[in-house]
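Notes to accompany the following structure.
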Amino acid sequence: MMLGYADEEVNRFFAKALFAVGEDWGMDALLPIVMEVGEKNLKCMALLDKANTESYGTPAPATVPLTVEKGPFIVITGHDLHDLKLLLEQTEGKGVNIYTHGEMLPAHGYPELKKYAHLKGNFGTAWQNQQREFADIPAPVLFTTNCLMPQRPSYQDRVYTTSVVGYAGLRHIEADACGRKDFSPIIEQALALGGYEHDHSMSGINGGHMLMTGFAHGAVLAHAEEIISLIKSGKVRHIFLVGGCDGAHPGRNYYTEFVKSTPMDTLVLTLACGKYRFNDLDLGEIGGLPRILDMGQCNDAYSAIKVALALADAFGCTVNDLPLTLVLSWYEQKAVCILLTLLALGVKNIYLGPTLPAFLSETVVKTLVETYDLHPTTNPQQDLDAILGRG
């Protein structure tokens with residue numbers, strides 16, 4: 001059966017899925033196919049990680065200010081590091097500073113991007129706050145691949161899109177046949193708008209003015225011996241991976257409160273836009289490592305997997321035997337692939353919230369709870385007590 005895909009492995013996968021749906025809707029038939037989606041996604045994340053590191057270098061820890069310097073600037077948001085590189089090249093020497101936003105924050109850890117002196121810092125927080133944060137911005141905003149909300153009239157004339165992002169009435173930057181993009185309209189508007197007259201101080205959700213990023217698997221595993229020693233000596237009791245997607249629902253302050261409540265002898269790995277709930281907090285250090293370690297974008301869940309597998313190998317155990325718990329913030333997006341990848345790898349004891357995914361029927365939830373020890377989140381302290389065995 002040919003479904004129009006060049007990859008025979010993909011053809012076989014979809015053929016099998018169609019057969020299962022046509023012949024048997026039972027969990028025994030469908031669950032292995034769903035897990036195969038997770039396996040395929042792991043391969044995709046590995047390829048993207050390889051492409052990013054080969055193109056822009058291995059991410060290294062970086063401190064990123066939230067202050068916007070006076071003068072012309074452009075905000076770029078989304079995940080596409082290639083678009084950022086093109087924008088940095090075209091703005092170099094033109095007196096226009098570049099600020100990341102949302103999922104673009106981890107770009108500051110890549111050496112080949114960080115080398116541009118006019119890549120200055122990060123603007124604002126997560127995607128769901130863009131209408132408020134962009135309301136009176138004296139600069140254009142470029143959306144690459146990210147959550148684009150309906151624009152308010154106060155800034156709609158300053159929003160540009162590219163790649164797969166688009167919205168009626170916005171200016172879209174297309175690539176030519178050779179993949180080149182002309183960002184001159186954005187640059188010209190940035191110069192015309194002039195930016196802020198004075199340095200503009202911004203803060204994170206909790207009032208902090210600095211963020212850290214760049215703790216992808218290369219950076220974390222460079223400290224593997226120290227982390228292993230800290231765990232063996234009892235200085236690190238537990239590691240939490242707290243991250244995922246974010247949204248405007250009030251219940252998402254769960255993740256802020258959870259991280260604030262983690263004991264001083266624990267580390268918090270984080271990734272994706274959910275980290276903006278707490279990434280401006282200063283939780284101190286353990287053994288010279290900051291307690292909050294930002295691993296990158298949502299696709300950098302691959303880094304978390306690499307670190308977990310390396311630690312399991314070092315301790316001669318499975319990932320589920322490590323003092324490691326995943327507390328994932330859910331939103332109805334591509335994050336389903338990451339969840340399926342973790343389940344396909346056999347990762348258990350995941351805490352998922354603030355509400356469960358809409359596709360999880362009662363039967364599916366029952367299966368995941370029984371097979372993978374999936375836990376819907378309750379309240380931060382109750383879940384933390386249960387994880388650390390204090391409840």
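Residues are named by chain letter and number: chains run A, B, ... in the order of the structure tokens, numbers start at 1 in each chain, and ligands are numbered from 1 in the order shown.
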
Q: Write out as a VMD selection string all residues of segment 9-244 of chain A that DSSP puts in strand (DSSP E or B) for this structure's backbone.
A: chain A and resid 62 to 65 68 71 73 to 77 97 to 101 119 to 122 141 to 143 159 to 162 171 to 173 175 181 196 200 210 to 213 238 to 244

Written file, previous selection with C-alpha atoms, as a PDB file, in the first residue's frame:
```
ATOM      1  CA  ALA A  62      24.163  31.578  29.089  1.00  0.00           C
ATOM      2  CA  THR A  63      22.679  34.331  31.217  1.00  0.00           C
ATOM      3  CA  VAL A  64      20.060  36.322  29.305  1.00  0.00           C
ATOM      4  CA  PRO A  65      18.876  39.791  30.381  1.00  0.00           C
ATOM      5  CA  VAL A  68      15.652  46.051  26.191  1.00  0.00           C
ATOM      6  CA  GLY A  71      17.319  52.213  20.094  1.00  0.00           C
ATOM      7  CA  PHE A  73      15.201  46.518  17.719  1.00  0.00           C
ATOM      8  CA  ILE A  74      13.341  43.491  16.388  1.00  0.00           C
ATOM      9  CA  VAL A  75      11.690  40.728  18.400  1.00  0.00           C
ATOM     10  CA  ILE A  76      11.803  37.225  16.916  1.00  0.00           C
ATOM     11  CA  THR A  77       9.690  34.419  18.292  1.00  0.00           C
ATOM     12  CA  ASN A  97      19.334  44.899  18.099  1.00  0.00           C
ATOM     13  CA  ILE A  98      17.635  41.491  18.156  1.00  0.00           C
ATOM     14  CA  TYR A  99      15.640  40.074  21.076  1.00  0.00           C
ATOM     15  CA  THR A 100      14.274  36.568  21.349  1.00  0.00           C
ATOM     16  CA  HIS A 101      10.804  35.781  22.628  1.00  0.00           C
ATOM     17  CA  LEU A 119      21.665  39.460  19.841  1.00  0.00           C
ATOM     18  CA  LYS A 120      20.997  41.244  23.103  1.00  0.00           C
ATOM     19  CA  GLY A 121      18.470  39.460  25.294  1.00  0.00           C
ATOM     20  CA  ASN A 122      14.924  38.158  25.652  1.00  0.00           C
ATOM     21  CA  VAL A 141       7.908  41.255  15.648  1.00  0.00           C
ATOM     22  CA  LEU A 142       8.787  38.269  13.460  1.00  0.00           C
ATOM     23  CA  PHE A 143       6.898  35.004  14.021  1.00  0.00           C
ATOM     24  CA  VAL A 159       3.805  41.855  12.962  1.00  0.00           C
ATOM     25  CA  TYR A 160       5.459  39.754  10.255  1.00  0.00           C
ATOM     26  CA  THR A 161       5.246  36.013   9.642  1.00  0.00           C
ATOM     27  CA  THR A 162       7.395  33.511   7.783  1.00  0.00           C
ATOM     28  CA  ARG A 171       2.931  40.647   5.935  1.00  0.00           C
ATOM     29  CA  HIS A 172       4.491  37.272   5.139  1.00  0.00           C
ATOM     30  CA  ILE A 173       8.161  36.814   4.237  1.00  0.00           C
ATOM     31  CA  ALA A 175      11.779  32.200   0.879  1.00  0.00           C
ATOM     32  CA  LYS A 181      14.636  35.401   2.768  1.00  0.00           C
ATOM     33  CA  TYR A 196      12.620  52.838  23.149  1.00  0.00           C
ATOM     34  CA  HIS A 200      13.340  49.470  28.973  1.00  0.00           C
ATOM     35  CA  MET A 210      17.590  37.599  34.284  1.00  0.00           C
ATOM     36  CA  LEU A 211      17.103  34.140  32.767  1.00  0.00           C
ATOM     37  CA  MET A 212      19.492  31.255  32.182  1.00  0.00           C
ATOM     38  CA  THR A 213      19.438  28.829  29.276  1.00  0.00           C
ATOM     39  CA  HIS A 238      15.865  14.187  43.568  1.00  0.00           C
ATOM     40  CA  ILE A 239      15.723  15.617  40.047  1.00  0.00           C
ATOM     41  CA  PHE A 240      12.510  16.994  38.599  1.00  0.00           C
ATOM     42  CA  LEU A 241      11.809  17.667  34.941  1.00  0.00           C
ATOM     43  CA  VAL A 242       9.158  20.388  35.060  1.00  0.00           C
ATOM     44  CA  GLY A 243       8.198  21.744  31.689  1.00  0.00           C
ATOM     45  CA  GLY A 244       6.027  21.468  28.627  1.00  0.00           C
TER      46      GLY A 244
END
```

Q: Assign secondary structure with DSSP using the backbone only, and return the residues of segment 12-113 of chain A in alpha helix (DSSP H) as a PyMOL selection string.
A: chain A and resi 12-23+27-56+81-91+111-113

Q. Using only C-alpha atoms, which residues sit within 7 Å of Asn349 of chain A once same-chain residues fewer than 5 positions away are excluded, as a list in words?
A. Thr325, Tyr372, Asp373, Leu374 and His375 of chain A

Residues from the last selection, N, CA, C and O atoms, saved as an mmCIF file, in the first residue's frame:
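File produced: again18.cif:
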```cif
data_model
loop_
_atom_site.group_PDB
_atom_site.id
_atom_site.type_symbol
_atom_site.label_atom_id
_atom_site.label_comp_id
_atom_site.auth_asym_id
_atom_site.auth_seq_id
_atom_site.Cartn_x
_atom_site.Cartn_y
_atom_site.Cartn_z
ATOM 1 N N THR A 325 11.658 12.532 38.431
ATOM 2 C CA THR A 325 10.225 12.561 38.173
ATOM 3 C C THR A 325 9.916 13.626 37.140
ATOM 4 O O THR A 325 10.428 14.746 37.217
ATOM 5 N N TYR A 372 1.459 2.613 32.858
ATOM 6 C CA TYR A 372 2.578 3.551 32.950
ATOM 7 C C TYR A 372 2.583 4.378 34.233
ATOM 8 O O TYR A 372 3.404 5.293 34.377
ATOM 9 N N ASP A 373 1.712 4.082 35.158
ATOM 10 C CA ASP A 373 1.633 4.841 36.416
ATOM 11 C C ASP A 373 1.484 6.340 36.173
ATOM 12 O O ASP A 373 2.102 7.166 36.857
ATOM 13 N N LEU A 374 0.686 6.699 35.171
ATOM 14 C CA LEU A 374 0.443 8.109 34.878
ATOM 15 C C LEU A 374 -0.377 8.731 36.000
ATOM 16 O O LEU A 374 -1.357 8.157 36.469
ATOM 17 N N HIS A 375 0.027 9.951 36.447
ATOM 18 C CA HIS A 375 -0.665 10.627 37.540
ATOM 19 C C HIS A 375 -1.213 11.970 37.064
ATOM 20 O O HIS A 375 -0.432 12.862 36.716
#
```

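For the residues A:Lys260, A:Ile228, A:Asp282, A:Leu360, ranking by smallest atom-to-atom distance to Ala310 of chain A using only C-alpha atoms places A:Ile228 first.
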
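Atom CA of Asp294 of chain A sits 8.0 Å away from atom CA of Pro106 of chain A.
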
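Contact shell of Ala301 of chain A at 10 Å (only C-alpha atoms; same-chain neighbours under 3 positions omitted): Leu42, Met45, Ala46, Asp49, Ala216, His217, Leu241, Gly243, Gly244, Thr270, Leu271, Ala272, Met295, Gly296, Gln297, Cys298, Ala304, Ile305, Lys306, Val307, Ala335, Ile338, Leu339, Thr341 and Leu342 of chain A.
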
Keeping C-alpha atoms, export the residues of the selection given above as a compact mmCIF listing (two decimals), in the first residue's frame.
```txt
# COMPACT_ATOMS: atom_id res chain seq x y z
CA LEU A 42 12.26 10.31 19.01
CA MET A 45 13.94 14.99 17.66
CA ALA A 46 17.36 13.33 17.34
CA ASP A 49 19.12 18.11 17.61
CA ALA A 216 21.03 20.96 26.71
CA HIS A 217 22.38 17.43 26.98
CA LEU A 241 11.81 17.67 34.94
CA GLY A 243 8.20 21.74 31.69
CA GLY A 244 6.03 21.47 28.63
CA THR A 270 12.98 22.42 32.38
CA LEU A 271 12.12 22.98 28.73
CA ALA A 272 9.50 24.45 26.40
CA MET A 295 17.33 22.48 28.46
CA GLY A 296 15.71 24.41 25.60
CA GLN A 297 12.68 24.22 23.35
CA CYS A 298 9.89 21.61 23.43
CA ALA A 304 16.20 15.35 28.79
CA ILE A 305 15.94 11.81 27.42
CA LYS A 306 19.69 11.71 26.67
CA VAL A 307 20.52 12.88 30.19
CA ALA A 335 3.43 18.01 22.74
CA ILE A 338 6.69 14.07 23.20
CA LEU A 339 4.34 12.41 25.69
CA THR A 341 7.86 9.27 23.03
CA LEU A 342 8.29 9.11 26.79
```

Write out as a short mmCIF file (atom, residue, chain, number, x, y, z; two decimals) with C-alpha atoms, in the first residue's frame the residues lying within 12 Å of Lys94 of chain A, counting only C-alpha atoms and excluding same-chain residues fewer than 3 positions away.
```cif
data_model
loop_
_atom_site.label_atom_id
_atom_site.label_comp_id
_atom_site.auth_asym_id
_atom_site.auth_seq_id
_atom_site.Cartn_x
_atom_site.Cartn_y
_atom_site.Cartn_z
CA GLY A 71 17.32 52.21 20.09
CA PRO A 72 15.89 50.21 17.17
CA PHE A 73 15.20 46.52 17.72
CA ILE A 74 13.34 43.49 16.39
CA LEU A 87 17.92 37.85 10.56
CA LEU A 88 21.15 38.27 12.53
CA GLU A 89 23.19 38.23 9.33
CA GLN A 90 20.99 40.84 7.65
CA THR A 91 20.88 43.19 10.65
CA ASN A 97 19.33 44.90 18.10
CA ILE A 98 17.64 41.49 18.16
CA ALA A 117 26.88 41.12 19.49
CA HIS A 118 23.50 42.57 18.56
CA SER A 184 14.66 44.27 4.71
CA ILE A 187 14.68 46.08 9.30
CA GLU A 188 13.46 49.29 7.66
CA ALA A 190 12.62 48.81 13.04
CA LEU A 191 14.82 51.76 12.06
#
```

**Q.** From A:Cys147, A:Leu105, A:Val236, A:Leu293, residue lying nearest Pro61 of chain A [only C-alpha atoms]
**A.** A:Leu293

Q | Neighbour list for Ile231 of chain A as a PyMOL selection string, cut-off 12 Å, only C-alpha atoms, skip fewer than 4 positions in-chain | A | chain A and resi 224-227+235-239+265-267+286-287+311+314-315+322-324

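With distances restricted to only C-alpha atoms, A:Leu66 is the closest residue to Gly207 of chain A from A:Arg291, A:Asp176, A:Leu66, A:Gly166.
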
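The residue that comes closest to Asn206 of chain A, out of A:Leu368, A:Leu48, A:Ala358, A:Leu281 and on the basis of only C-alpha atoms, is A:Leu281.
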
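For the pair atom CA of Tyr167 of chain A and atom CA of Arg252 of chain A, the separation is 27.3 Å.
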